[in-house]
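The structure file structure_27.cif is reproduced below (mmCIF, C-alpha atoms).
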```cif
data_data
#
loop_
_atom_site.label_atom_id
_atom_site.label_comp_id
_atom_site.auth_asym_id
_atom_site.auth_seq_id
_atom_site.Cartn_x
_atom_site.Cartn_y
_atom_site.Cartn_z
CA MET A 1 -75.49 109.64 -41.50
CA LYS A 2 -76.86 112.56 -43.50
CA THR A 3 -77.50 111.53 -47.09
CA TYR A 4 -79.56 113.15 -49.83
CA PHE A 5 -80.11 113.25 -53.58
CA GLU A 6 -78.84 116.45 -55.15
CA ASP A 7 -81.47 116.84 -57.86
CA ASN A 8 -83.42 114.89 -60.39
CA VAL A 9 -81.91 116.79 -63.32
CA LYS A 10 -78.65 115.01 -62.54
CA ASN A 11 -80.54 111.72 -62.15
CA TYR A 12 -80.43 111.81 -58.36
CA LEU A 13 -76.78 112.42 -57.56
CA PRO A 14 -76.17 110.68 -54.21
CA ILE A 15 -74.51 112.88 -51.58
CA VAL A 16 -73.37 112.23 -48.02
CA ARG A 17 -72.05 114.57 -45.33
CA ALA A 18 -68.57 113.47 -44.23
CA SER A 19 -65.84 114.58 -41.92
CA ILE A 20 -62.33 113.96 -43.26
CA SER A 21 -59.32 114.05 -40.89
CA ASP A 22 -55.56 113.73 -41.28
CA PRO A 23 -54.11 110.37 -40.11
CA LEU A 24 -53.38 111.72 -36.62
CA GLU A 25 -56.87 113.28 -36.39
CA GLU A 26 -55.47 116.72 -35.60
CA ARG A 27 -57.18 118.54 -38.46
CA SER A 28 -60.51 117.85 -40.05
CA VAL A 29 -62.93 119.30 -42.58
CA GLU A 30 -66.64 118.68 -42.98
CA THR A 31 -67.81 118.42 -46.54
CA ASP A 32 -70.54 117.02 -48.75
CA VAL A 33 -69.15 114.23 -50.91
CA VAL A 34 -70.60 112.53 -53.96
CA ILE A 35 -71.02 108.77 -53.64
CA ASP A 36 -69.35 107.36 -56.74
CA THR A 37 -69.22 103.61 -57.35
CA GLY A 38 -67.01 104.24 -60.40
CA PHE A 39 -64.20 105.47 -58.14
CA GLN A 40 -62.01 102.70 -56.76
CA GLY A 41 -60.31 104.68 -53.98
CA GLY A 42 -61.39 106.04 -50.60
CA VAL A 43 -61.90 109.76 -51.17
CA LEU A 44 -60.95 112.11 -53.97
CA ILE A 45 -60.62 115.68 -52.73
CA PRO A 46 -59.63 119.05 -54.20
CA LEU A 47 -55.97 120.07 -53.75
CA LYS A 48 -57.08 122.91 -51.44
CA THR A 49 -58.79 120.47 -49.05
CA TYR A 50 -55.72 118.21 -49.24
CA LEU A 51 -53.52 121.12 -48.15
CA ASP A 52 -56.01 122.38 -45.52
CA LEU A 53 -55.69 118.95 -43.91
CA ASN A 54 -51.87 119.13 -44.14
CA LEU A 55 -51.87 115.87 -46.05
CA ASP A 56 -48.68 116.88 -47.85
CA LEU A 57 -47.02 115.98 -44.52
CA PHE A 58 -48.17 112.36 -44.79
CA GLU A 59 -47.78 111.72 -48.47
CA GLU A 60 -47.27 108.22 -49.87
CA MET A 61 -46.03 107.01 -53.23
CA LYS A 62 -47.99 108.69 -56.03
CA ALA A 63 -50.59 106.65 -57.87
CA ILE A 64 -51.89 106.69 -61.41
CA GLY A 65 -55.53 107.60 -61.94
CA GLU A 66 -57.26 106.02 -64.90
CA SER A 67 -60.36 107.77 -66.22
CA ALA A 68 -63.36 106.13 -67.86
CA ILE A 69 -62.14 107.23 -71.29
CA GLY A 70 -58.72 105.72 -70.74
CA GLY A 71 -56.72 108.87 -70.00
CA THR A 72 -54.38 108.88 -67.01
CA VAL A 73 -53.49 111.50 -64.40
CA GLU A 74 -50.99 111.60 -61.56
CA LEU A 75 -52.53 111.32 -58.10
CA ARG A 76 -51.08 112.46 -54.78
CA VAL A 77 -51.96 110.00 -52.01
CA SER A 78 -52.26 110.16 -48.24
CA LYS A 79 -54.00 108.22 -45.51
CA VAL A 80 -57.05 109.89 -43.96
CA ILE A 81 -59.77 109.02 -41.51
CA ILE A 82 -63.29 109.56 -42.75
CA LYS A 83 -66.28 109.80 -40.41
CA LEU A 84 -69.76 109.18 -41.75
CA GLY A 85 -72.29 109.29 -38.95
CA ASN A 86 -70.95 106.90 -36.32
CA ALA A 87 -68.75 105.04 -38.76
CA LYS A 88 -65.03 105.80 -38.79
CA ILE A 89 -62.96 104.41 -41.63
CA LYS A 90 -59.24 104.68 -42.38
CA CYS A 91 -58.69 104.94 -46.12
CA SER A 92 -56.61 106.58 -48.83
CA ALA A 93 -57.29 110.12 -49.99
CA TYR A 94 -56.31 111.14 -53.49
CA THR A 95 -56.01 114.48 -55.20
CA THR A 96 -54.96 115.82 -58.56
CA LEU A 97 -55.14 119.08 -60.47
CA GLY A 98 -58.62 120.38 -61.26
CA VAL A 99 -60.66 118.39 -58.71
CA LYS A 100 -63.68 120.51 -57.81
CA ARG A 101 -65.99 118.10 -55.99
CA SER A 102 -65.15 115.50 -53.41
CA LEU A 103 -66.04 111.87 -54.08
CA ILE A 104 -66.17 108.78 -51.89
CA GLY A 105 -65.44 105.56 -53.67
CA ARG A 106 -65.53 101.82 -53.31
CA GLU A 107 -62.74 101.59 -50.70
CA VAL A 108 -65.21 103.19 -48.27
CA LEU A 109 -68.43 101.82 -49.75
CA LYS A 110 -67.29 98.19 -49.43
CA GLU A 111 -67.05 98.69 -45.65
CA LEU A 112 -70.33 100.51 -45.26
CA GLY A 113 -72.62 99.03 -47.87
CA LEU A 114 -74.86 101.22 -49.97
CA LEU A 115 -78.54 101.17 -50.82
CA TYR A 116 -79.37 103.43 -53.76
CA ARG A 117 -83.06 103.46 -54.62
CA PRO A 118 -83.84 106.81 -56.14
CA PRO A 119 -85.82 108.91 -55.72
CA LYS A 120 -86.69 107.87 -52.13
CA GLU A 121 -84.00 105.80 -50.50
CA LEU A 122 -80.30 106.43 -50.09
CA LYS A 123 -78.68 104.53 -47.23
CA LEU A 124 -75.06 104.14 -46.31
CA GLY A 125 -73.99 101.83 -43.51
CA ILE A 126 -76.28 98.89 -44.24
CA ASN A 127 -73.31 96.53 -43.66
CA LEU A 128 -72.67 97.87 -40.16
CA MET B 129 -29.36 138.73 -68.18
CA ASN B 130 -33.06 138.14 -67.90
CA LYS B 131 -34.59 141.50 -67.01
CA PHE B 132 -38.07 139.96 -66.50
CA ASN B 133 -36.97 137.74 -63.73
CA THR B 134 -33.79 138.64 -61.94
CA SER B 135 -34.56 137.14 -58.53
CA LYS B 136 -35.53 133.53 -59.38
CA LYS B 137 -33.14 130.64 -59.62
CA THR B 138 -32.49 129.75 -63.25
CA ARG B 139 -31.19 126.68 -65.02
CA PHE B 140 -29.79 125.69 -68.40
CA ILE B 141 -32.20 123.79 -70.65
CA GLY B 142 -31.80 122.54 -74.19
CA ILE B 143 -34.72 121.94 -76.54
CA ARG B 144 -34.49 119.37 -79.33
CA ASN B 145 -36.46 119.59 -82.56
CA PHE B 146 -37.66 123.14 -82.09
CA ARG B 147 -38.94 124.68 -85.34
CA ASP B 148 -36.11 126.56 -87.01
CA ASP B 149 -38.31 129.31 -88.56
CA LEU B 150 -39.90 130.04 -85.15
CA TYR B 151 -36.53 130.18 -83.46
CA ARG B 152 -35.25 132.67 -86.06
CA LEU B 153 -38.35 134.84 -85.52
CA VAL B 154 -37.90 134.81 -81.76
CA LYS B 155 -34.23 135.70 -82.19
CA ALA B 156 -35.10 138.62 -84.49
CA TYR B 157 -37.75 139.98 -82.09
CA ALA B 158 -35.39 139.57 -79.14
CA SER B 159 -32.74 141.60 -80.95
CA LEU B 160 -35.24 144.32 -81.96
CA GLU B 161 -36.60 144.61 -78.42
CA GLY B 162 -33.22 144.36 -76.73
CA ARG B 163 -34.27 141.28 -74.80
CA THR B 164 -32.87 137.82 -74.23
CA ILE B 165 -34.42 134.81 -75.92
CA SER B 166 -34.97 133.17 -72.54
CA SER B 167 -37.05 136.16 -71.35
CA ILE B 168 -39.33 135.70 -74.39
CA PHE B 169 -39.71 131.97 -73.73
CA GLU B 170 -40.42 132.72 -70.09
CA GLU B 171 -43.13 135.25 -71.00
CA ALA B 172 -44.71 132.80 -73.47
CA ILE B 173 -44.66 129.98 -70.91
CA LEU B 174 -46.21 132.17 -68.21
CA MET B 175 -49.02 133.06 -70.65
CA TRP B 176 -49.51 129.39 -71.45
CA ILE B 177 -49.69 128.49 -67.74
CA LYS B 178 -52.29 131.24 -67.16
CA SER B 179 -54.39 129.82 -69.99
CA ARG B 180 -54.52 126.47 -68.17
CA GLY B 181 -57.05 127.35 -65.51
CA ASN B 182 -55.71 127.81 -62.02
CA PRO B 183 -52.04 128.87 -62.15
CA GLU B 184 -51.77 129.04 -58.34
CA GLU B 185 -52.84 125.40 -58.06
CA ILE B 186 -50.28 124.43 -60.68
CA ARG B 187 -47.55 126.37 -58.88
CA ILE B 188 -48.35 124.59 -55.60
CA TRP B 189 -48.45 121.23 -57.41
CA ALA B 190 -45.02 121.87 -58.92
CA GLU B 191 -43.58 122.80 -55.51
CA LEU B 192 -45.03 119.64 -53.98
CA ASP B 193 -43.55 117.62 -56.85
CA GLU B 194 -40.10 119.04 -56.24
CA ALA B 195 -40.30 118.21 -52.53
CA TYR B 196 -41.69 114.74 -53.33
CA GLU B 197 -38.80 113.96 -55.68
CA GLY B 198 -36.26 115.11 -53.07
CA ASN B 199 -37.82 113.00 -50.32
CA MET B 200 -38.18 109.99 -52.63
CA LYS B 201 -34.47 110.23 -53.52
CA THR B 202 -33.54 110.44 -49.82
CA ILE B 203 -35.58 107.33 -48.96
CA MET B 204 -34.28 105.38 -51.97
CA GLN B 205 -30.68 106.09 -50.90
CA SER B 206 -31.43 105.06 -47.32
CA ILE B 207 -33.15 101.80 -48.19
CA SER B 208 -30.66 100.74 -50.86
CA THR B 209 -28.62 98.89 -48.21
CA SER B 210 -31.60 97.29 -46.49
CA LYS B 211 -33.80 95.95 -49.23
CA ASP B 212 -35.45 93.19 -47.18
CA ARG B 213 -36.74 95.62 -44.61
CA GLU B 214 -40.46 95.70 -43.79
CA GLY B 215 -42.53 98.46 -42.24
CA TYR B 216 -42.33 102.12 -43.18
CA ALA B 217 -39.61 104.61 -44.13
CA ALA B 218 -40.10 108.36 -43.79
CA ALA B 219 -38.33 111.48 -45.01
CA CYS B 220 -39.00 115.20 -45.01
CA GLU B 221 -37.16 118.27 -46.25
CA GLY B 222 -34.60 115.94 -47.83
CA ARG B 223 -33.82 114.34 -44.45
CA PHE B 224 -34.25 110.64 -43.67
CA LEU B 225 -36.29 110.24 -40.48
CA GLY B 226 -35.87 106.50 -40.06
CA PHE B 227 -37.59 103.13 -40.29
CA PHE B 228 -40.83 102.50 -38.39
CA ASN B 229 -42.80 99.36 -37.67
CA ARG B 230 -46.17 101.08 -37.79
CA TYR B 231 -47.61 103.80 -40.01
CA GLU B 232 -48.76 105.83 -36.98
CA GLU B 233 -45.20 105.94 -35.57
CA ALA B 234 -43.94 107.37 -38.88
CA ALA B 235 -46.79 109.91 -38.97
CA ARG B 236 -46.05 111.05 -35.41
CA ALA B 237 -42.31 111.40 -36.12
CA ILE B 238 -43.16 113.57 -39.13
CA LYS B 239 -45.52 115.70 -37.09
CA ARG B 240 -42.76 116.26 -34.52
CA GLU B 241 -39.95 117.04 -36.93
CA CYS B 242 -41.34 118.38 -40.20
CA LYS B 243 -42.99 121.57 -41.32
CA THR B 244 -43.33 120.99 -45.04
CA HIS B 245 -43.82 118.05 -47.40
CA ALA B 246 -42.99 114.60 -46.04
CA LEU B 247 -43.11 111.14 -47.55
CA ILE B 248 -43.98 107.78 -45.96
CA LEU B 249 -43.25 104.66 -47.97
CA GLU B 250 -44.42 101.18 -47.08
CA LEU B 251 -41.67 98.55 -47.31
CA PRO B 252 -40.93 96.46 -49.24
CA MET B 253 -41.69 98.96 -51.97
CA ARG B 254 -44.17 98.12 -54.68
CA GLY B 255 -44.85 99.91 -57.94
CA ARG B 256 -47.34 102.70 -58.34
CA LYS B 257 -50.98 101.74 -57.83
CA ILE B 258 -53.47 102.25 -60.63
CA ILE B 259 -56.77 103.66 -59.40
CA GLU B 260 -59.97 103.79 -61.46
CA LEU B 261 -61.39 107.26 -61.25
CA GLY B 262 -65.09 107.91 -61.21
CA LEU B 263 -67.06 110.95 -62.24
CA PRO B 264 -65.34 113.50 -64.36
CA TRP B 265 -64.51 116.13 -61.77
#
```

Take the structure in the file and give it back as C-alpha cells.
Amino acid sequence: MKTYFEDNVKNYLPIVRASISDPLEERSVETDVVIDTGFQGGVLIPLKTYLDLNLDLFEEMKAIGESAIGGTVELRVSKVIIKLGNAKIKCSAYTTLGVKRSLIGREVLKELGLLYRPPKELKLGINL
Amino acid sequence: MNKFNTSKKTRFIGIRNFRDDLYRLVKAYASLEGRTISSIFEEAILMWIKSRGNPEEIRIWAELDEAYEGNMKTIMQSISTSKDREGYAAACEGRFLGFFNRYEEAARAIKRECKTHALILELPMRGRKIIELGLPW
C-alpha cells in the first residue's frame, strides 16, 4: 500500500494511492487520495472521476453532506470498490460540485486501521 | 420570441416578490433594444452561472438531477403498491427495471439495459443519509 506525507507545510497531509472501480469492476481509475478522518463516508471524488467511472449508472438516493462549519451540500452517491494494496473494500462514493481532491474517510479507515505518526510513519491496513 | 435561444425547450415561470423598480428598468431596456424580457433574464442568468466557477460541471449536475428526479418518480410509483417489499428497486431513463434481491443483480440489469443515468434504491426506503464531510475541498 503506497502511502506518503505530502509536505510539512501542510502539516504532513497523509496520502495513499488507491484504485477505485465501479460496482461491477468494469471501469477503474488510479488516484492519490487524502486520508481524512473528518470524513464519515467511503470516498469523496470529483464529479469528473464519478462520471469517468460511469457511477451515474449506479446512483443511489442522494445524501446530505454536512461541513465542519455547519453548511450543507447535496451529495450524489454510488457504490464503488476501492483497492488499497491487497485490500479490497466495497463502500460508498460521494461527489458534489467543486470537489477537487479525492478523500478516503472513516467508512474505509474503520476496516483498514490507520497509524499516523508524522513525520515518519503512515500505515494503512494495520487491522488486516 | 426569444431570439437568443430559439432551439432550447422553454417553460413558463413566475417570480414572486421581484423588485418593481428593477422590473420596470428591464422592461424599458427590453423595449429600447427590441428584445423580450425573458431574453434579458436568460442573458443575466447565463452570466451569473459563468461567474460561479465551472459552468460545464453545473450543466452536467443539472442534467443528472433531472434524470435522477425522473427515475425517482418512476420507482416511487412502482413501489407504491408494494410497500413491504425488501431488496432493491431500479429504474433508468424513466423506465422501471424491476425488483431485485441483491444489489449486484440490480447493477447487472442496469448495465445490460441502460445507457444513461440509473437509480438503485434499497427497500424499504429510508430517508436521506447525513454524512459528515471532512477537509474543505

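The residues of chain A lying at most 8 Å from chain B, with all atoms listed in the file taken into account, are A:Pro23, A:Leu24, A:Asp36, A:Thr37, A:Gly38, A:Phe39, A:Gln40, A:Gly41, A:Leu47, A:Asp56, A:Leu57, A:Phe58, A:Glu59, A:Glu60, A:Met61, A:Lys62, A:Ala63, A:Ile64, A:Gly65, A:Glu66, A:Ser67, A:Ala68, A:Leu97, A:Gly98, A:Val99, A:Lys100, A:Arg101, A:Gly105.
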
One-decimal distance in Å that lies between atom CA of A:Leu103 and atom CA of A:Lys88: 16.5 Å

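One finds atom CA of A:Gly113 at 27.5 Å from atom CA of A:Glu26.
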
Which residues would end up in the selection if the PyMOL selection byres ((chain A and resi 32) around 7) were applied here, given that I need the answer as an MDAnalysis selection string? chainID A and resid 15:18 31 33:34

Expansion of the PyMOL selection byres ((chain B and resi 207) around 12) into residues, as a PyMOL selection string: chain B and resi 200-206+208-219+224-227+249-253

Can you spell out as a VMD selection string the set of residues that the PyMOL selection byres ((chain B and resi 165-175) around 12) selects in the structure I just provided? chain B and resid 129 to 134 136 138 to 143 150 to 164 176 to 181 183 to 184 186 to 187

Mind checking which residues fall within 9 Å of stretch 89-95 of chain A, counting only C-alpha atoms, ignoring those fewer than 3 positions away in the same chain, and posting them as a VMD selection string? chain A and resid 23 41 to 47 50 55 63 74 to 84 98 to 99 107 to 108 111

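Counting from atom CA of B:Asn199, the distance to atom CA of B:Gly222 is 5.0 Å.
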
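Among the candidates A:Ile35, A:Gly125, A:Leu112, A:Gly70, the residue lying nearest to A:Tyr4 is A:Ile35 (atoms considered: all atoms listed in the file).
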
Give me, as a compact mmCIF listing (two decimals) with C-alpha atoms, in the frame of the given file, all polymer residues having an atom no more than 9 Å from A:Phe5, counting only C-alpha atoms and skipping those fewer than 3 positions away in the same chain.
```txt
# COMPACT_ATOMS: atom_id res chain seq x y z
CA ASN A 8 -83.42 114.89 -60.39
CA ASN A 11 -80.54 111.72 -62.15
CA TYR A 12 -80.43 111.81 -58.36
CA LEU A 13 -76.78 112.42 -57.56
CA PRO A 14 -76.17 110.68 -54.21
CA ILE A 15 -74.51 112.88 -51.58
CA VAL A 16 -73.37 112.23 -48.02
CA PRO A 118 -83.84 106.81 -56.14
CA PRO A 119 -85.82 108.91 -55.72
CA LYS A 120 -86.69 107.87 -52.13
CA GLU A 121 -84.00 105.80 -50.50
CA LEU A 122 -80.30 106.43 -50.09
```

Neighbourhood query: residues within 6 Å of (-65.7, 117.6, -41.5), file coordinates, counting only C-alpha atoms; return as a count of residues only. 7

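Closest approach to A:Thr49 among A:Leu124, A:Val9, A:Asp22, A:Lys2: A:Asp22, based on only C-alpha atoms.
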
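Proximity to A:Thr3 was assessed for A:Thr96, A:Arg106, A:Gly85, A:Glu25 counting all atoms listed in the file; the smallest distance is recorded for A:Gly85.
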